[in-house]
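S.K.: Input file: model_8.pdb. Contents: PDB, C-alpha atoms, pLDDT in the B column.
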```pdb
MODEL        1
ATOM      1  CA  MET A1444     -15.326  14.668   2.197  1.00 68.00           C
ATOM      2  CA  GLY A1445     -15.817  18.412   2.141  1.00 71.00           C
ATOM      3  CA  ALA A1446     -14.636  18.751   5.739  1.00 83.00           C
ATOM      4  CA  VAL A1447     -11.136  17.328   5.274  1.00 85.00           C
ATOM      5  CA  ASP A1448      -8.044  18.050   3.189  1.00 84.00           C
ATOM      6  CA  PHE A1449      -7.275  14.379   2.599  1.00 86.00           C
ATOM      7  CA  VAL A1450      -8.757  10.969   3.309  1.00 92.00           C
ATOM      8  CA  GLN A1451      -6.914   7.837   4.364  1.00 93.00           C
ATOM      9  CA  PRO A1452      -8.901   4.752   3.381  1.00 94.00           C
ATOM     10  CA  SER A1453      -7.404   1.396   4.247  1.00 92.00           C
ATOM     11  CA  PRO A1454      -7.684  -1.113   1.396  1.00 91.00           C
ATOM     12  CA  ALA A1455      -7.166  -3.970   3.866  1.00 89.00           C
ATOM     13  CA  LYS A1456     -10.080  -2.859   6.031  1.00 91.00           C
ATOM     14  CA  MET A1457     -12.603  -1.472   3.534  1.00 90.00           C
ATOM     15  CA  GLY A1458     -13.013  -4.121   0.858  1.00 88.00           C
ATOM     16  CA  GLY A1459      -9.825  -4.101  -1.171  1.00 89.00           C
ATOM     17  CA  VAL A1460      -8.974  -2.653  -4.551  1.00 92.00           C
ATOM     18  CA  THR A1461     -12.557  -2.174  -5.779  1.00 95.00           C
ATOM     19  CA  GLU A1462     -13.606  -0.077  -2.795  1.00 94.00           C
ATOM     20  CA  LEU A1463     -10.362   1.897  -2.777  1.00 94.00           C
ATOM     21  CA  CYS A1464     -10.917   2.768  -6.447  1.00 96.00           C
ATOM     22  CA  LYS A1465     -14.364   4.139  -5.548  1.00 95.00           C
ATOM     23  CA  VAL A1466     -12.832   6.404  -2.914  1.00 94.00           C
ATOM     24  CA  PHE A1467     -10.315   7.790  -5.420  1.00 94.00           C
ATOM     25  CA  HIS A1468     -13.132   8.631  -7.868  1.00 95.00           C
ATOM     26  CA  VAL A1469     -15.348  10.314  -5.249  1.00 93.00           C
ATOM     27  CA  ALA A1470     -12.395  12.229  -3.796  1.00 92.00           C
ATOM     28  CA  ALA A1471     -11.298  13.454  -7.240  1.00 91.00           C
ATOM     29  CA  ALA A1472     -14.804  14.764  -7.922  1.00 91.00           C
ATOM     30  CA  ARG A1473     -14.657  16.718  -4.654  1.00 90.00           C
ATOM     31  CA  GLY A1474     -11.070  17.924  -4.914  1.00 89.00           C
ATOM     32  CA  VAL A1475      -9.915  15.890  -1.916  1.00 90.00           C
ATOM     33  CA  THR A1476      -6.527  14.179  -1.780  1.00 91.00           C
ATOM     34  CA  VAL A1477      -6.362  10.442  -1.109  1.00 94.00           C
ATOM     35  CA  MET A1478      -3.426   9.032   0.845  1.00 94.00           C
ATOM     36  CA  PRO A1479      -4.189   5.356   1.571  1.00 94.00           C
ATOM     37  CA  HIS A1480      -3.675   4.147   5.112  1.00 91.00           C
ATOM     38  CA  THR A1481      -1.095   1.370   4.819  1.00 86.00           C
ATOM     39  CA  PHE A1482       0.124   0.708   8.308  1.00 81.00           C
ATOM     40  CA  TYR A1483       1.235  -2.786   7.308  1.00 80.00           C
ATOM     41  CA  HIS A1484       3.697  -4.487   4.962  1.00 80.00           C
ATOM     42  CA  GLY A1485       1.700  -7.063   2.961  1.00 85.00           C
ATOM     43  CA  PRO A1486      -1.120  -7.312   0.428  1.00 88.00           C
ATOM     44  CA  GLY A1487      -2.836  -4.159   1.685  1.00 89.00           C
ATOM     45  CA  LEU A1488       0.282  -2.143   0.943  1.00 90.00           C
ATOM     46  CA  LEU A1489       0.547  -3.732  -2.513  1.00 91.00           C
ATOM     47  CA  ALA A1490      -3.100  -2.857  -3.228  1.00 92.00           C
ATOM     48  CA  ALA A1491      -2.535   0.736  -2.143  1.00 93.00           C
ATOM     49  CA  VAL A1492       0.555   1.034  -4.349  1.00 93.00           C
ATOM     50  CA  HIS A1493      -1.311  -0.220  -7.424  1.00 93.00           C
ATOM     51  CA  VAL A1494      -4.447   1.859  -6.980  1.00 95.00           C
ATOM     52  CA  THR A1495      -2.522   5.009  -6.128  1.00 95.00           C
ATOM     53  CA  ALA A1496      -0.310   4.545  -9.181  1.00 94.00           C
ATOM     54  CA  ALA A1497      -3.363   4.042 -11.399  1.00 95.00           C
ATOM     55  CA  LEU A1498      -5.732   6.679 -10.031  1.00 95.00           C
ATOM     56  CA  GLY A1499      -3.617   9.146  -8.087  1.00 92.00           C
ATOM     57  CA  THR A1500      -1.729  12.148  -9.340  1.00 87.00           C
ATOM     58  CA  ALA A1501       1.992  12.561  -9.945  1.00 83.00           C
ATOM     59  CA  ASP A1502       2.443  13.760  -6.353  1.00 82.00           C
ATOM     60  CA  SER A1503       0.202  11.140  -4.690  1.00 88.00           C
ATOM     61  CA  MET A1504       1.464   9.455  -1.556  1.00 89.00           C
ATOM     62  CA  ILE A1505       0.670   6.414   0.502  1.00 89.00           C
ATOM     63  CA  GLU A1506       1.268   6.137   4.214  1.00 87.00           C
ATOM     64  CA  TRP A1507       4.509   4.325   4.944  1.00 83.00           C
ATOM     65  CA  ARG A1508       5.188   2.733   8.294  1.00 79.00           C
ATOM     66  CA  TYR A1509       8.899   2.489   8.800  1.00 78.00           C
ATOM     67  CA  SER A1510       9.810  -0.355  11.095  1.00 77.00           C
ATOM     68  CA  ASP A1511      12.807  -2.582  11.430  1.00 79.00           C
ATOM     69  CA  LEU A1512      11.256  -5.968  10.678  1.00 79.00           C
ATOM     70  CA  GLU A1513      12.951  -9.260  11.453  1.00 81.00           C
ATOM     71  CA  ALA A1514      12.178 -10.388   7.891  1.00 84.00           C
ATOM     72  CA  ARG A1515      10.380  -8.984   4.862  1.00 86.00           C
ATOM     73  CA  ALA A1516       8.050 -11.384   3.077  1.00 87.00           C
ATOM     74  CA  TYR A1517       8.440  -9.427  -0.174  1.00 87.00           C
ATOM     75  CA  GLY A1518      12.160  -8.818   0.160  1.00 84.00           C
ATOM     76  CA  PRO A1519      13.365  -5.393  -0.953  1.00 84.00           C
ATOM     77  CA  ALA A1520      10.594  -4.992  -3.582  1.00 84.00           C
ATOM     78  CA  LEU A1521       8.405  -2.866  -1.301  1.00 84.00           C
ATOM     79  CA  MET A1522      11.128  -0.789   0.281  1.00 84.00           C
ATOM     80  CA  PRO A1523      10.990   2.876  -0.641  1.00 86.00           C
ATOM     81  CA  GLU A1524      13.963   4.162  -2.577  1.00 88.00           C
ATOM     82  CA  ARG A1525      14.417   7.940  -2.510  1.00 89.00           C
ATOM     83  CA  GLY A1526      10.836   8.284  -1.279  1.00 85.00           C
ATOM     84  CA  ARG A1527       9.278   6.092  -3.959  1.00 87.00           C
ATOM     85  CA  ILE A1528       8.007   2.531  -4.121  1.00 87.00           C
ATOM     86  CA  GLY A1529       8.152   0.734  -7.448  1.00 88.00           C
ATOM     87  CA  VAL A1530       4.913  -0.685  -8.824  1.00 92.00           C
ATOM     88  CA  PRO A1531       5.195  -4.443  -9.421  1.00 92.00           C
ATOM     89  CA  ARG A1532       4.289  -5.284 -13.020  1.00 91.00           C
ATOM     90  CA  THR A1533       3.200  -8.911 -12.928  1.00 90.00           C
ATOM     91  CA  PRO A1534      -0.451 -10.120 -12.643  1.00 91.00           C
ATOM     92  CA  GLY A1535      -2.454  -9.835  -9.450  1.00 89.00           C
ATOM     93  CA  LEU A1536      -0.839  -7.698  -6.794  1.00 90.00           C
ATOM     94  CA  GLY A1537       2.406  -8.042  -8.706  1.00 92.00           C
ATOM     95  CA  ILE A1538       4.569  -9.975  -6.295  1.00 92.00           C
ATOM     96  CA  ASP A1539       4.188 -13.059  -4.143  1.00 92.00           C
ATOM     97  CA  PRO A1540       5.597 -13.401  -0.652  1.00 91.00           C
ATOM     98  CA  ASP A1541       8.718 -15.515  -0.279  1.00 91.00           C
ATOM     99  CA  PRO A1542       7.541 -18.939   0.995  1.00 93.00           C
ATOM    100  CA  GLY A1543      10.839 -19.416   2.819  1.00 91.00           C
ATOM    101  CA  VAL A1544      10.284 -16.278   4.863  1.00 89.00           C
ATOM    102  CA  LEU A1545       6.710 -17.305   5.675  1.00 89.00           C
ATOM    103  CA  ARG A1546       7.819 -20.830   6.683  1.00 90.00           C
ATOM    104  CA  GLY A1547      10.153 -19.305   9.237  1.00 85.00           C
ATOM    105  CA  PHE A1548       7.166 -17.824  11.077  1.00 84.00           C
ATOM    106  CA  ARG A1549       4.794 -20.785  10.870  1.00 83.00           C
ATOM    107  CA  GLY A1550       3.616 -22.152  14.177  1.00 81.00           C
ATOM    108  CA  PRO A1551       4.131 -25.717  15.361  1.00 77.00           C
TER     109      PRO A1551
ENDMDL
END
```
Can you turn what I pasted into structure tokens?
M.R.:
Amino acid sequence: MGAVDFVQPSPAKMGGVTELCKVFHVAAARGVTVMPHTFYHGPGLLAAVHVTAALGTADSMIEWRYSDLEARAYGPALMPERGRIGVPRTPGLGIDPDPGVLRGFRGP
């Protein structure tokens, strides 16, 4: 980590919340900023939001991929508002996808 200014681990690709937490701890010990790679709109983004809120600093960021989706499985809950995403406060990842939205994309 000494060769970079920030790291972008992907919770969806590296083992989830537990592994992302490890990266935050190692990066903090080395003075490296963590900005999770969240080039998606589902559970990986939710994991990044939670871990960054818990272990990041007041100015921590996560990568946000703006795209005009046909539907959003989590509704407006994960849409940034004035550059910020609210942290869901219920158990688990904090929010469940809308089954009606998912049904609309189920195959035959």
S.K.: Calculated over all atoms listed in the file, which of the candidates A:Leu1498, A:Val1492, A:Leu1545, A:Ala1472 has the smallest distance to A:Ala1520?
M.R.: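 Ranking A:Leu1498, A:Val1492, A:Leu1545, A:Ala1472 by distance to A:Ala1520, first place goes to A:Val1492.
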S.K.: List the residues sitting within 7 Å of (5.4, 0.1, 0.5) in the file's frame, using only C-alpha atoms, as a PyMOL selection string.
M.R.: chain A and resi 1484+1488-1489+1492+1507+1521-1523+1528
S.K.: Determine the nearest neighbour of A:Pro1452 from the options A:Gly1518, A:Gly1474, A:Pro1479, A:Gly1543, counting only C-alpha atoms.
M.R.: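 So, comparing all the options, the nearest one is A:Pro1479.
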S.K.: Between atom CA of A:Met1478 and atom CA of A:Ser1503, what distance in Å does the model show, to one decimal?
M.R.: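 Computing it gives 6.9 Å between the two atoms.
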S.K.: Hey, what's within 10 Å of A:Arg1473 if we count only C-alpha atoms and toss same-chain stuff fewer than 4 positions away? As a ChimeraX atom specification, please?
M.R.: /A:1444-1445,1467-1469
S.K.: Written as an MDAnalysis selection string, what is the full residue list that the PyMOL selection byres ((chain A and resi 1505) around 12) yields on the file shown?
M.R.: chainID A and resid 1449:1454 1476:1483 1487:1496 1499:1500 1502:1504 1506:1508 1523 1526:1528
S.K.: Edge lengths and centre, in Å to one decimal, as JSON: that's what I need for the box along x, y and z that holds all listed atoms of stretch 1460-1476 of chain A plus 5 Å on each side.
M.R.:
```
{"center_x": -10.9, "center_y": 7.6, "center_z": -4.9, "size_x": 18.8, "size_y": 30.6, "size_z": 16.1}
```
S.K.: Quote the spacing between atom CA of A:Tyr1517 and atom CA of A:Pro1531 in Å to one decimal place.
M.R.: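 Atom CA of A:Pro1531 lies at a distance of 11.0 Å from atom CA of A:Tyr1517.
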S.K.: Just how far from atom CA of A:Lys1456 is atom CA of A:Gly1535, in Å to one decimal?
M.R.: 18.6 Å
